[in-house]
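Participant: Before we start, here is the structure in question, set down as structure tokens.
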Amino acid sequence: MTHDGVGLRAVMRSVAFLTAGALAVPALAACSADEEVAKPVAAQDIAPATRDRIEDGGTLRWAVDVVPQTLNTFQADADAGTSRIAGAVLPSLYRLDSNGTPQLNPDYLESAKIVESEPKQVVLYKLNQQAVWSDGREIGAADFAAQWRALSGKDSAYWTARNAGYDRIEKIEQGKNNLEVRVTFSRPYADWKSLFSPLYPKDVMGTADAFNDGARTKLQATAGPFTLQKIDHKDGQVLLTRNPHWWGRPAKLSEIALVAVPRDKRAEALAADKVDLAEIDPEEAGRITLAAHDKGTAPLQGPGSELTPAKALRSWAVAHGSDAKAASDEIKARKEQRTAVATYVGQQTALRDFVVRKSLEPAYTQLALNGSEGPLADERVRRAVARAINRDELAKIVLGPLGLPAVPVGSHLALSGQPAYADNSGALGGQDTKEAQALLADAGWVPGGPVSEQRQKKDKDKDKAAGPEGKKADSDADTDDGTFIVGEDDKNGEAGRDKKDPKDHAEKQGNHGKQHADDQADKDLDGRQYAPRDNRQGGAPGAYAPKGTAAPAGAAAGALAKDGKALTLRFVLPSGPGSESLRTVADEISRMLERIGIRTETSKVPDDSYFKDHIASGQYDLALYSWPASAFPATDARPIYAKPVPAADGSLAVEQNYTRVGTDQVDQLFDQAIATLDEDESRSLVRKADARIWAAAGSIPLYQRPQLTATRLNLANAGSFGFQTPLYENMGFLKKGAQGAQQTPGSPGKK
């Protein structure tokens, strides 16, 4: 797991997950069900090729972060590697298309539909008559029933991490014959297509011992285009081989080897001919792109574009953050650096055989605002933070240099291209410095307010005690990884340029009609009245500046203060490799906030403690991490945005809502969406829930994460998949002389 890329179902399974305005009434209505669905911001990039152009045989070596600790996707320590193996060797009744929409998988199902809705929902599955487990047994009702019992949550002997959906099933029985499975639900469940994917054999799900321990390291039976041959933790490799009993289109590859390679070592692994396919960071993508230019295969190249020692020197210097001339002088004086350049030249030459496939992940990076305590417990301050941020600029910083569309994300619950997507950011409002300042003034934060030295010392001591490993981590990091306060030394910079005349007034738009809009938003389309706004967490009567409120004079010139305490927010970030873009974005956010008088104290902490000791435990004010989009947001996203409730021991039960911001209205909308069997109506409810989440300002979606994948030039049907479920049976190396998308004839491949 990464800080900037979080697998949603993995998060549901484990708390320790990681591998990063104006409330307008029309915005809450979102778009109607019959409106045209937006297209994905970026298409997948997998070098598509027809199967007749692909060689039979060969081994695809695919980089993964680590060898998974379990093969059971429903256990707490399952990770992306677990899911990748399951996708290749186990049944998935539905798989996602290029728009992130679930589609029936004909390899396992002939049909699946709701055959009864009253008095109870009944789904009838008709199985593909050829679908069998690798031991020869037919896939049938017994497998469905065993998985339901294991995941229903009724038997505590099963160490399951989640039971969403399975807890709504009342019974499972065989239909007219062995190929029919009838699933009866005790309560309506809109996301029934999310169930039984993957489907495990009854031998895995039938007993707690087999579920808890047996399926961690082996699978007695499989039913996919590949089968599990070997899992080797010592050598860091999982070997999948072509399934001879597979009834679908036979796999083109003979083997898929999942090879554990750390993220910061993948360029070296590619160059050393250890892997053929690897997700990479922007820095490594730059190296591969440079190698392609040097080879003369990239656009805009000319005569003399071959890789020379001088070009390699400059490339190496730039990659290591040095000026080319300074690096040249230093390299001449140091033998070890000459060796480093020679090694780099060799790697760059080898990297010519690869290309970077670029798309956008089905995941977005957000700014999380901890609303449980401190200044951000006030919704006005959270809204001020949101109104100060220019999301367009942040998207450009990350995606622009990669040549990807720099489009801000407009939803917490879906991404552009998915049926449930609608841009509901209007419920919060766009960047507006004056509105942000007016909100802060209304919340009592004024520029130049008195700040007692005793109060400052007390607050610093409290923060130091509250943040485990924060200060210690800073001392162990690079010199620029320590705690610092943005804007403290900026005497003549942007802070000075953004001073306001005391006579300036906030623009007559945005939040001024908020209370009225909230009252309207609290009514569902059927006229249902929700709980009064004053009872919401973080809400307060008169929480927004009235029309015409003056923006605080000179707010950007110094920190704001209230009750003797300066307005300073703790910004916690990971310090490890691969998080550079997060830290760049955080620096820009801090500058944006400083313009309205909010200062940020940034702590960079070790990766292994970032989530567990800070995000999950609530020891932060601001943080950056990512959530994936789900094809089933009513089920998967509810725990992320559910209103925290007091637990029996007095603590706050937050599920996966690490911002600690939630409302009764959002919970009710999710509950209605889950129980509504009409797909259009369910999506409409999800969109309204998203608008309410925007309005609460607990998290601010920023940009869709870049998906960069290095692949061999002759590897087809693999790369940056975007939304779509990989089709493992279609992956392979092109035949000699065959042409594929962005393919260079005659390039080598692993056979």
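Following the order of the structure tokens, chains are lettered A, B, ..., residues in each are numbered from 1, and ligands are numbered from 1.
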Residues near Asp678 of chain A, anyone? I mean within 12 Å using only C-alpha atoms, not counting same-chain ones fewer than 6 positions away, as a list in words.

Facilitator: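 The residues satisfying every condition are Ala33, Ile114, Ser117, Pro188, Tyr189, Ala190, Asp191, Gln672, Ser684 and Leu685 of chain A.
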
Participant: Export, as a CSV table (one decimal), in the first residue's frame, the selected residues with C-alpha atoms.

Facilitator:
```
chain,number,residue,atom,x,y,z
A,33,ALA,CA,-30.7,9.7,-14.0
A,114,ILE,CA,-33.7,-10.0,-9.6
A,117,SER,CA,-38.7,-8.0,-5.1
A,188,PRO,CA,-33.3,-5.2,-0.1
A,189,TYR,CA,-29.7,-4.8,-1.3
A,190,ALA,CA,-29.0,-2.6,-4.3
A,191,ASP,CA,-25.3,-3.6,-4.6
A,672,GLN,CA,-31.7,4.6,1.3
A,684,SER,CA,-29.4,9.7,-7.5
A,685,LEU,CA,-29.3,9.1,-3.8
```

Participant: Ala215 of chain A: which residues within 6 Å, counting only C-alpha atoms, same-chain residues fewer than 3 positions away excluded, as a count of residues only?

Facilitator: 5

Participant: Within 7 Å of segment 284-290 of chain A, counting only C-alpha atoms, which residues qualify if same-chain residues fewer than 5 places away don't, as a VMD selection string?

Facilitator: chain A and resid 267 351 to 352 354 to 356

Participant: Do you have, as a tab-separated table, the list of residues of segment 20-134 of chain A lying at most 12 Å from segment 227-231 of chain A, each with its nearest atom pair and that distance in Å to one decimal, counting only C-alpha atoms and ordered by chain then number?

Facilitator:
```
residue	atom	partner	partner_atom	distance
A:Val66	CA	A:Ile231	CA	11.6
A:Val67	CA	A:Ile231	CA	7.9
A:Pro68	CA	A:Ile231	CA	9.0
A:Gln69	CA	A:Ile231	CA	10.0
A:Thr70	CA	A:Ile231	CA	10.3
A:Leu71	CA	A:Ile231	CA	9.8
A:Gly81	CA	A:Ile231	CA	11.6
A:Thr82	CA	A:Ile231	CA	11.5
A:Arg84	CA	A:Leu228	CA	11.7
A:Ile85	CA	A:Leu228	CA	8.0
A:Ala86	CA	A:Leu228	CA	9.5
A:Gly87	CA	A:Thr227	CA	10.6
A:Ala88	CA	A:Thr227	CA	7.5
A:Val89	CA	A:Thr227	CA	5.1
A:Leu90	CA	A:Thr227	CA	8.4
A:Pro91	CA	A:Thr227	CA	11.5
A:Trp133	CA	A:Thr227	CA	10.4
A:Ser134	CA	A:Thr227	CA	8.2
```

Participant: Now that the selection is made, can you save its residues with C-alpha atoms as a PDB file, in the first residue's frame?

Facilitator:
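For reference, again_3.pdb as written:
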```
ATOM      1  CA  VAL A  66       5.459  -7.619  -1.714  1.00  0.00           C
ATOM      2  CA  VAL A  67       4.488 -11.261  -1.826  1.00  0.00           C
ATOM      3  CA  PRO A  68       1.039 -11.277  -0.195  1.00  0.00           C
ATOM      4  CA  GLN A  69       0.738 -12.713   3.296  1.00  0.00           C
ATOM      5  CA  THR A  70      -2.614 -14.305   2.506  1.00  0.00           C
ATOM      6  CA  LEU A  71      -4.485 -15.604  -0.522  1.00  0.00           C
ATOM      7  CA  GLY A  81      -1.183  -8.746  -4.560  1.00  0.00           C
ATOM      8  CA  THR A  82      -3.893 -10.899  -3.010  1.00  0.00           C
ATOM      9  CA  ARG A  84      -4.267  -9.718  -8.362  1.00  0.00           C
ATOM     10  CA  ILE A  85      -3.850 -13.452  -7.730  1.00  0.00           C
ATOM     11  CA  ALA A  86      -7.569 -13.888  -7.068  1.00  0.00           C
ATOM     12  CA  GLY A  87      -8.399 -12.130 -10.341  1.00  0.00           C
ATOM     13  CA  ALA A  88      -6.340 -14.632 -12.301  1.00  0.00           C
ATOM     14  CA  VAL A  89      -7.262 -17.902 -10.545  1.00  0.00           C
ATOM     15  CA  LEU A  90     -10.762 -17.497  -9.019  1.00  0.00           C
ATOM     16  CA  PRO A  91     -14.247 -16.788 -10.374  1.00  0.00           C
ATOM     17  CA  TRP A 133     -13.158 -26.087 -10.202  1.00  0.00           C
ATOM     18  CA  SER A 134      -9.692 -27.396 -11.028  1.00  0.00           C
TER      19      SER A 134
END
```

Participant: Pick the closest to Gln129 of chain A from A:Gly719, A:Gly400, A:Gly248, A:Gly236: which is it, counting only C-alpha atoms?

Facilitator: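 Using only C-alpha atoms, Gln129 of chain A sits closest to A:Gly248.
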
Participant: For atom CA of Arg380 of chain A and atom CA of Leu439 of chain A, quote the distance in Å rounded to one decimal.

Facilitator: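 We find that atom CA of Arg380 of chain A and atom CA of Leu439 of chain A lie 5.6 Å from each other.
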
Participant: State, in Å with one decimal place, the distance from atom CA of Ala691 of chain A to atom CA of Ala634 of chain A.

Facilitator: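 We find that atom CA of Ala691 of chain A and atom CA of Ala634 of chain A lie 14.0 Å from each other.
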
Participant: Kindly indicate which residue among A:Leu93, A:Gly224, A:Thr184, A:Val645 lies nearest to Ala251 of chain A, using only C-alpha atoms for the distances.

Facilitator: A:Gly224

Participant: Skip segment 701-712 of chain A itself and residues of its chain fewer than 3 positions away, then list as a PyMOL selection string all residues within 6 Å of it, counting only C-alpha atoms.

Facilitator: chain A and resi 276-280+353-361+363-366+391+395+408-409+715+719-720

Participant: Grab the residues selected above and save them as a short mmCIF file (atom, residue, chain, number, x, y, z; two decimals), in the first residue's frame with N, CA, C and O atoms.

Facilitator:
```cif
data_model
loop_
_atom_site.label_atom_id
_atom_site.label_comp_id
_atom_site.auth_asym_id
_atom_site.auth_seq_id
_atom_site.Cartn_x
_atom_site.Cartn_y
_atom_site.Cartn_z
N ASP A 276 9.03 -7.40 -16.57
CA ASP A 276 8.56 -6.91 -17.86
C ASP A 276 7.46 -5.86 -17.72
O ASP A 276 7.17 -5.14 -18.68
N LEU A 277 6.84 -5.80 -16.56
CA LEU A 277 5.68 -4.93 -16.34
C LEU A 277 5.74 -4.43 -14.90
O LEU A 277 5.87 -5.22 -13.97
N ALA A 278 5.66 -3.10 -14.72
CA ALA A 278 5.77 -2.55 -13.37
C ALA A 278 5.12 -1.18 -13.30
O ALA A 278 5.35 -0.33 -14.17
N GLU A 279 4.29 -0.97 -12.29
CA GLU A 279 3.81 0.37 -12.00
C GLU A 279 4.97 1.18 -11.44
O GLU A 279 5.75 0.68 -10.62
N ILE A 280 5.12 2.40 -11.91
CA ILE A 280 6.29 3.20 -11.56
C ILE A 280 5.88 4.60 -11.11
O ILE A 280 4.74 5.04 -11.34
N ASP A 353 14.03 -0.57 -24.20
CA ASP A 353 13.11 -1.64 -24.59
C ASP A 353 11.76 -1.53 -23.90
O ASP A 353 10.93 -2.44 -24.01
N PHE A 354 11.54 -0.43 -23.19
CA PHE A 354 10.29 -0.24 -22.45
C PHE A 354 9.61 1.05 -22.88
O PHE A 354 10.23 1.96 -23.44
N VAL A 355 8.32 1.09 -22.61
CA VAL A 355 7.52 2.27 -22.87
C VAL A 355 6.66 2.54 -21.64
O VAL A 355 6.34 1.61 -20.89
N VAL A 356 6.31 3.80 -21.42
CA VAL A 356 5.45 4.16 -20.29
C VAL A 356 4.01 4.25 -20.78
O VAL A 356 3.68 5.04 -21.66
N ARG A 357 3.16 3.40 -20.22
CA ARG A 357 1.73 3.46 -20.49
C ARG A 357 1.09 4.36 -19.44
O ARG A 357 1.27 4.15 -18.24
N LYS A 358 0.35 5.37 -19.89
CA LYS A 358 -0.16 6.40 -18.98
C LYS A 358 -1.69 6.46 -19.00
O LYS A 358 -2.30 6.50 -20.06
N SER A 359 -2.26 6.48 -17.81
CA SER A 359 -3.68 6.72 -17.66
C SER A 359 -3.90 7.32 -16.27
O SER A 359 -2.94 7.80 -15.65
N LEU A 360 -5.13 7.28 -15.81
CA LEU A 360 -5.45 7.73 -14.46
C LEU A 360 -6.01 6.56 -13.67
O LEU A 360 -6.84 5.81 -14.18
N GLU A 361 -5.54 6.42 -12.45
CA GLU A 361 -6.05 5.35 -11.60
C GLU A 361 -7.51 5.61 -11.23
O GLU A 361 -7.95 6.76 -11.18
N ALA A 363 -8.78 6.16 -8.62
CA ALA A 363 -8.56 6.61 -7.24
C ALA A 363 -8.22 8.09 -7.27
O ALA A 363 -7.69 8.59 -8.25
N TYR A 364 -8.55 8.78 -6.19
CA TYR A 364 -8.26 10.22 -6.13
C TYR A 364 -7.54 10.57 -4.84
O TYR A 364 -7.72 9.93 -3.80
N THR A 365 -6.73 11.61 -4.94
CA THR A 365 -6.05 12.14 -3.76
C THR A 365 -6.90 13.25 -3.16
O THR A 365 -7.43 14.10 -3.88
N GLN A 366 -7.02 13.24 -1.85
CA GLN A 366 -7.85 14.21 -1.15
C GLN A 366 -7.04 14.93 -0.08
O GLN A 366 -6.03 14.43 0.40
N ARG A 391 -8.05 24.06 -6.56
CA ARG A 391 -7.89 22.65 -6.92
C ARG A 391 -7.38 22.49 -8.36
O ARG A 391 -6.68 21.52 -8.67
N ALA A 395 -4.10 20.18 -9.37
CA ALA A 395 -4.15 19.13 -10.39
C ALA A 395 -3.08 19.35 -11.46
O ALA A 395 -2.43 18.39 -11.91
N PRO A 408 -9.72 18.58 -11.88
CA PRO A 408 -10.05 18.27 -10.49
C PRO A 408 -11.21 17.28 -10.39
O PRO A 408 -12.08 17.24 -11.26
N VAL A 409 -11.21 16.50 -9.33
CA VAL A 409 -12.27 15.52 -9.10
C VAL A 409 -13.46 16.22 -8.46
O VAL A 409 -13.30 16.98 -7.50
N LEU A 715 4.79 -6.03 -25.39
CA LEU A 715 3.78 -6.60 -24.50
C LEU A 715 2.43 -5.97 -24.83
O LEU A 715 2.28 -4.75 -24.84
N GLY A 719 -0.87 -2.95 -19.10
CA GLY A 719 -0.31 -1.62 -18.87
C GLY A 719 -1.11 -0.89 -17.82
O GLY A 719 -1.37 -1.41 -16.74
N SER A 720 -1.54 0.31 -18.15
CA SER A 720 -2.36 1.11 -17.24
C SER A 720 -3.82 0.86 -17.59
O SER A 720 -4.34 1.37 -18.57
#
```

Participant: Taking 2 positions as the minimum chain separation for residues in the same chain, which residues sit within 6 Å of Ala141 of chain A when counting only C-alpha atoms? Answer as a list in words.

Facilitator: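 The contact residues come out as Asp143, Phe144, Gln174 and Val181 of chain A.
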
Participant: Please produce a file of those selected residues containing all heavy atoms, as a PDB file, in the first residue's frame.

Facilitator:
```
ATOM      1  N   ASP A 143     -21.024 -23.738  -3.008  1.00  0.00           N
ATOM      2  CA  ASP A 143     -19.945 -22.754  -2.885  1.00  0.00           C
ATOM      3  C   ASP A 143     -20.505 -21.389  -2.481  1.00  0.00           C
ATOM      4  O   ASP A 143     -19.935 -20.697  -1.631  1.00  0.00           O
ATOM      5  CB  ASP A 143     -19.189 -22.646  -4.211  1.00  0.00           C
ATOM      6  CG  ASP A 143     -18.602 -23.972  -4.658  1.00  0.00           C
ATOM      7  OD1 ASP A 143     -17.758 -24.519  -3.926  1.00  0.00           O
ATOM      8  OD2 ASP A 143     -18.999 -24.466  -5.725  1.00  0.00           O
ATOM      9  N   PHE A 144     -21.615 -21.003  -3.069  1.00  0.00           N
ATOM     10  CA  PHE A 144     -22.266 -19.739  -2.714  1.00  0.00           C
ATOM     11  C   PHE A 144     -22.676 -19.759  -1.239  1.00  0.00           C
ATOM     12  O   PHE A 144     -22.448 -18.784  -0.505  1.00  0.00           O
ATOM     13  CB  PHE A 144     -23.505 -19.514  -3.587  1.00  0.00           C
ATOM     14  CG  PHE A 144     -23.216 -19.061  -4.989  1.00  0.00           C
ATOM     15  CD1 PHE A 144     -22.624 -19.912  -5.907  1.00  0.00           C
ATOM     16  CD2 PHE A 144     -23.539 -17.780  -5.400  1.00  0.00           C
ATOM     17  CE1 PHE A 144     -22.365 -19.504  -7.205  1.00  0.00           C
ATOM     18  CE2 PHE A 144     -23.286 -17.350  -6.694  1.00  0.00           C
ATOM     19  CZ  PHE A 144     -22.690 -18.218  -7.604  1.00  0.00           C
ATOM     20  N   GLN A 174     -30.405 -24.189  -4.023  1.00  0.00           N
ATOM     21  CA  GLN A 174     -30.311 -24.594  -5.419  1.00  0.00           C
ATOM     22  C   GLN A 174     -31.631 -24.324  -6.119  1.00  0.00           C
ATOM     23  O   GLN A 174     -32.705 -24.439  -5.525  1.00  0.00           O
ATOM     24  CB  GLN A 174     -29.952 -26.075  -5.501  1.00  0.00           C
ATOM     25  CG  GLN A 174     -29.756 -26.597  -6.924  1.00  0.00           C
ATOM     26  CD  GLN A 174     -29.325 -28.047  -6.932  1.00  0.00           C
ATOM     27  OE1 GLN A 174     -28.284 -28.390  -6.377  1.00  0.00           O
ATOM     28  NE2 GLN A 174     -30.126 -28.915  -7.533  1.00  0.00           N
ATOM     29  N   VAL A 181     -28.749 -20.965  -8.876  1.00  0.00           N
ATOM     30  CA  VAL A 181     -28.566 -20.614  -7.470  1.00  0.00           C
ATOM     31  C   VAL A 181     -29.527 -19.483  -7.135  1.00  0.00           C
ATOM     32  O   VAL A 181     -29.519 -18.429  -7.790  1.00  0.00           O
ATOM     33  CB  VAL A 181     -27.114 -20.168  -7.180  1.00  0.00           C
ATOM     34  CG1 VAL A 181     -26.949 -19.825  -5.705  1.00  0.00           C
ATOM     35  CG2 VAL A 181     -26.125 -21.254  -7.588  1.00  0.00           C
TER      36      VAL A 181
END
```

Participant: Residues at most 8 Å from Lys171 of chain A, counting only C-alpha atoms, excluding those fewer than 2 positions away in the same chain, as a list in words?

Facilitator: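 What passes the distance filter is Ala145, Ile169, Glu173, Val183, Thr184 and Phe185 of chain A.
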
Participant: For all heavy atoms, I'd like the residues from the last selection saved as a PDB file, in the first residue's frame.

Facilitator:
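The resulting file, result.pdb, is shown below:
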```pdb
ATOM      1  N   ALA A 145     -23.272 -20.841  -0.811  1.00  0.00           N
ATOM      2  CA  ALA A 145     -23.766 -20.928   0.566  1.00  0.00           C
ATOM      3  C   ALA A 145     -22.628 -20.902   1.572  1.00  0.00           C
ATOM      4  O   ALA A 145     -22.725 -20.256   2.629  1.00  0.00           O
ATOM      5  CB  ALA A 145     -24.607 -22.194   0.742  1.00  0.00           C
ATOM      6  N   ILE A 169     -28.240 -11.375   3.455  1.00  0.00           N
ATOM      7  CA  ILE A 169     -28.764 -12.588   2.831  1.00  0.00           C
ATOM      8  C   ILE A 169     -29.501 -13.434   3.876  1.00  0.00           C
ATOM      9  O   ILE A 169     -29.019 -13.626   4.986  1.00  0.00           O
ATOM     10  CB  ILE A 169     -27.617 -13.402   2.195  1.00  0.00           C
ATOM     11  CG1 ILE A 169     -26.986 -12.610   1.042  1.00  0.00           C
ATOM     12  CG2 ILE A 169     -28.125 -14.745   1.690  1.00  0.00           C
ATOM     13  CD1 ILE A 169     -25.788 -13.287   0.418  1.00  0.00           C
ATOM     14  N   GLU A 173     -30.141 -21.315  -1.885  1.00  0.00           N
ATOM     15  CA  GLU A 173     -30.596 -22.656  -2.206  1.00  0.00           C
ATOM     16  C   GLU A 173     -30.430 -22.934  -3.693  1.00  0.00           C
ATOM     17  O   GLU A 173     -30.296 -21.997  -4.505  1.00  0.00           O
ATOM     18  CB  GLU A 173     -32.066 -22.821  -1.805  1.00  0.00           C
ATOM     19  CG  GLU A 173     -32.978 -21.770  -2.409  1.00  0.00           C
ATOM     20  CD  GLU A 173     -34.339 -21.716  -1.738  1.00  0.00           C
ATOM     21  OE1 GLU A 173     -34.691 -22.686  -1.034  1.00  0.00           O
ATOM     22  OE2 GLU A 173     -35.057 -20.711  -1.922  1.00  0.00           O
ATOM     23  N   VAL A 183     -30.678 -16.742  -4.368  1.00  0.00           N
ATOM     24  CA  VAL A 183     -30.226 -16.021  -3.178  1.00  0.00           C
ATOM     25  C   VAL A 183     -31.360 -15.123  -2.721  1.00  0.00           C
ATOM     26  O   VAL A 183     -31.792 -14.219  -3.454  1.00  0.00           O
ATOM     27  CB  VAL A 183     -28.962 -15.191  -3.478  1.00  0.00           C
ATOM     28  CG1 VAL A 183     -28.533 -14.418  -2.232  1.00  0.00           C
ATOM     29  CG2 VAL A 183     -27.828 -16.095  -3.963  1.00  0.00           C
ATOM     30  N   THR A 184     -31.854 -15.379  -1.521  1.00  0.00           N
ATOM     31  CA  THR A 184     -32.947 -14.589  -0.942  1.00  0.00           C
ATOM     32  C   THR A 184     -32.384 -13.655   0.115  1.00  0.00           C
ATOM     33  O   THR A 184     -31.629 -14.075   0.996  1.00  0.00           O
ATOM     34  CB  THR A 184     -34.006 -15.500  -0.302  1.00  0.00           C
ATOM     35  OG1 THR A 184     -34.504 -16.397  -1.293  1.00  0.00           O
ATOM     36  CG2 THR A 184     -35.157 -14.682   0.262  1.00  0.00           C
ATOM     37  N   PHE A 185     -32.751 -12.372   0.029  1.00  0.00           N
ATOM     38  CA  PHE A 185     -32.242 -11.357   0.945  1.00  0.00           C
ATOM     39  C   PHE A 185     -33.285 -11.037   2.018  1.00  0.00           C
ATOM     40  O   PHE A 185     -34.492 -10.963   1.727  1.00  0.00           O
ATOM     41  CB  PHE A 185     -31.885 -10.077   0.182  1.00  0.00           C
ATOM     42  CG  PHE A 185     -30.689 -10.215  -0.716  1.00  0.00           C
ATOM     43  CD1 PHE A 185     -30.820 -10.778  -1.987  1.00  0.00           C
ATOM     44  CD2 PHE A 185     -29.441  -9.809  -0.305  1.00  0.00           C
ATOM     45  CE1 PHE A 185     -29.723 -10.924  -2.824  1.00  0.00           C
ATOM     46  CE2 PHE A 185     -28.337  -9.942  -1.124  1.00  0.00           C
ATOM     47  CZ  PHE A 185     -28.469 -10.499  -2.381  1.00  0.00           C
TER      48      PHE A 185
END
```

Participant: Env of segment 660-663 of chain A: 6 Å cut, atoms = only C-alpha atoms, seq-sep filter 3 positions within chain, self excluded. Answer as a PyMOL selection string.

Facilitator: chain A and resi 371-372+536+641-643+657+666+698

Participant: Using only N, CA, C and O atoms, please write the residues we just selected to a file, as a compact mmCIF listing (two decimals), in the first residue's frame.

Facilitator:
```
# COMPACT_ATOMS: atom_id res chain seq x y z
N GLY A 371 -11.93 16.90 11.76
CA GLY A 371 -12.94 17.74 12.39
C GLY A 371 -13.28 17.37 13.81
O GLY A 371 -14.28 17.85 14.35
N SER A 372 -12.45 16.52 14.45
CA SER A 372 -12.80 16.04 15.78
C SER A 372 -12.43 17.03 16.88
O SER A 372 -13.02 17.01 17.96
N ARG A 536 -26.21 18.96 14.02
CA ARG A 536 -25.18 18.21 13.34
C ARG A 536 -23.84 18.37 14.02
O ARG A 536 -23.55 19.37 14.64
N TYR A 641 -17.59 7.67 5.26
CA TYR A 641 -18.25 8.95 5.54
C TYR A 641 -19.35 8.85 6.60
O TYR A 641 -20.06 9.82 6.84
N ALA A 642 -19.46 7.69 7.25
CA ALA A 642 -20.48 7.54 8.28
C ALA A 642 -20.19 8.45 9.46
O ALA A 642 -19.04 8.65 9.85
N LYS A 643 -21.23 8.98 10.05
CA LYS A 643 -21.08 9.86 11.20
C LYS A 643 -20.50 9.07 12.38
O LYS A 643 -21.05 8.04 12.78
N ASN A 657 -13.95 6.52 8.78
CA ASN A 657 -14.11 7.97 8.62
C ASN A 657 -13.01 8.68 9.42
O ASN A 657 -13.24 9.14 10.54
N VAL A 666 -26.21 12.28 5.62
CA VAL A 666 -25.39 11.44 4.76
C VAL A 666 -25.65 9.97 5.05
O VAL A 666 -25.82 9.15 4.14
N GLY A 698 -15.32 17.88 5.22
CA GLY A 698 -14.38 17.07 5.97
C GLY A 698 -13.22 16.60 5.12
O GLY A 698 -12.13 16.34 5.63
```
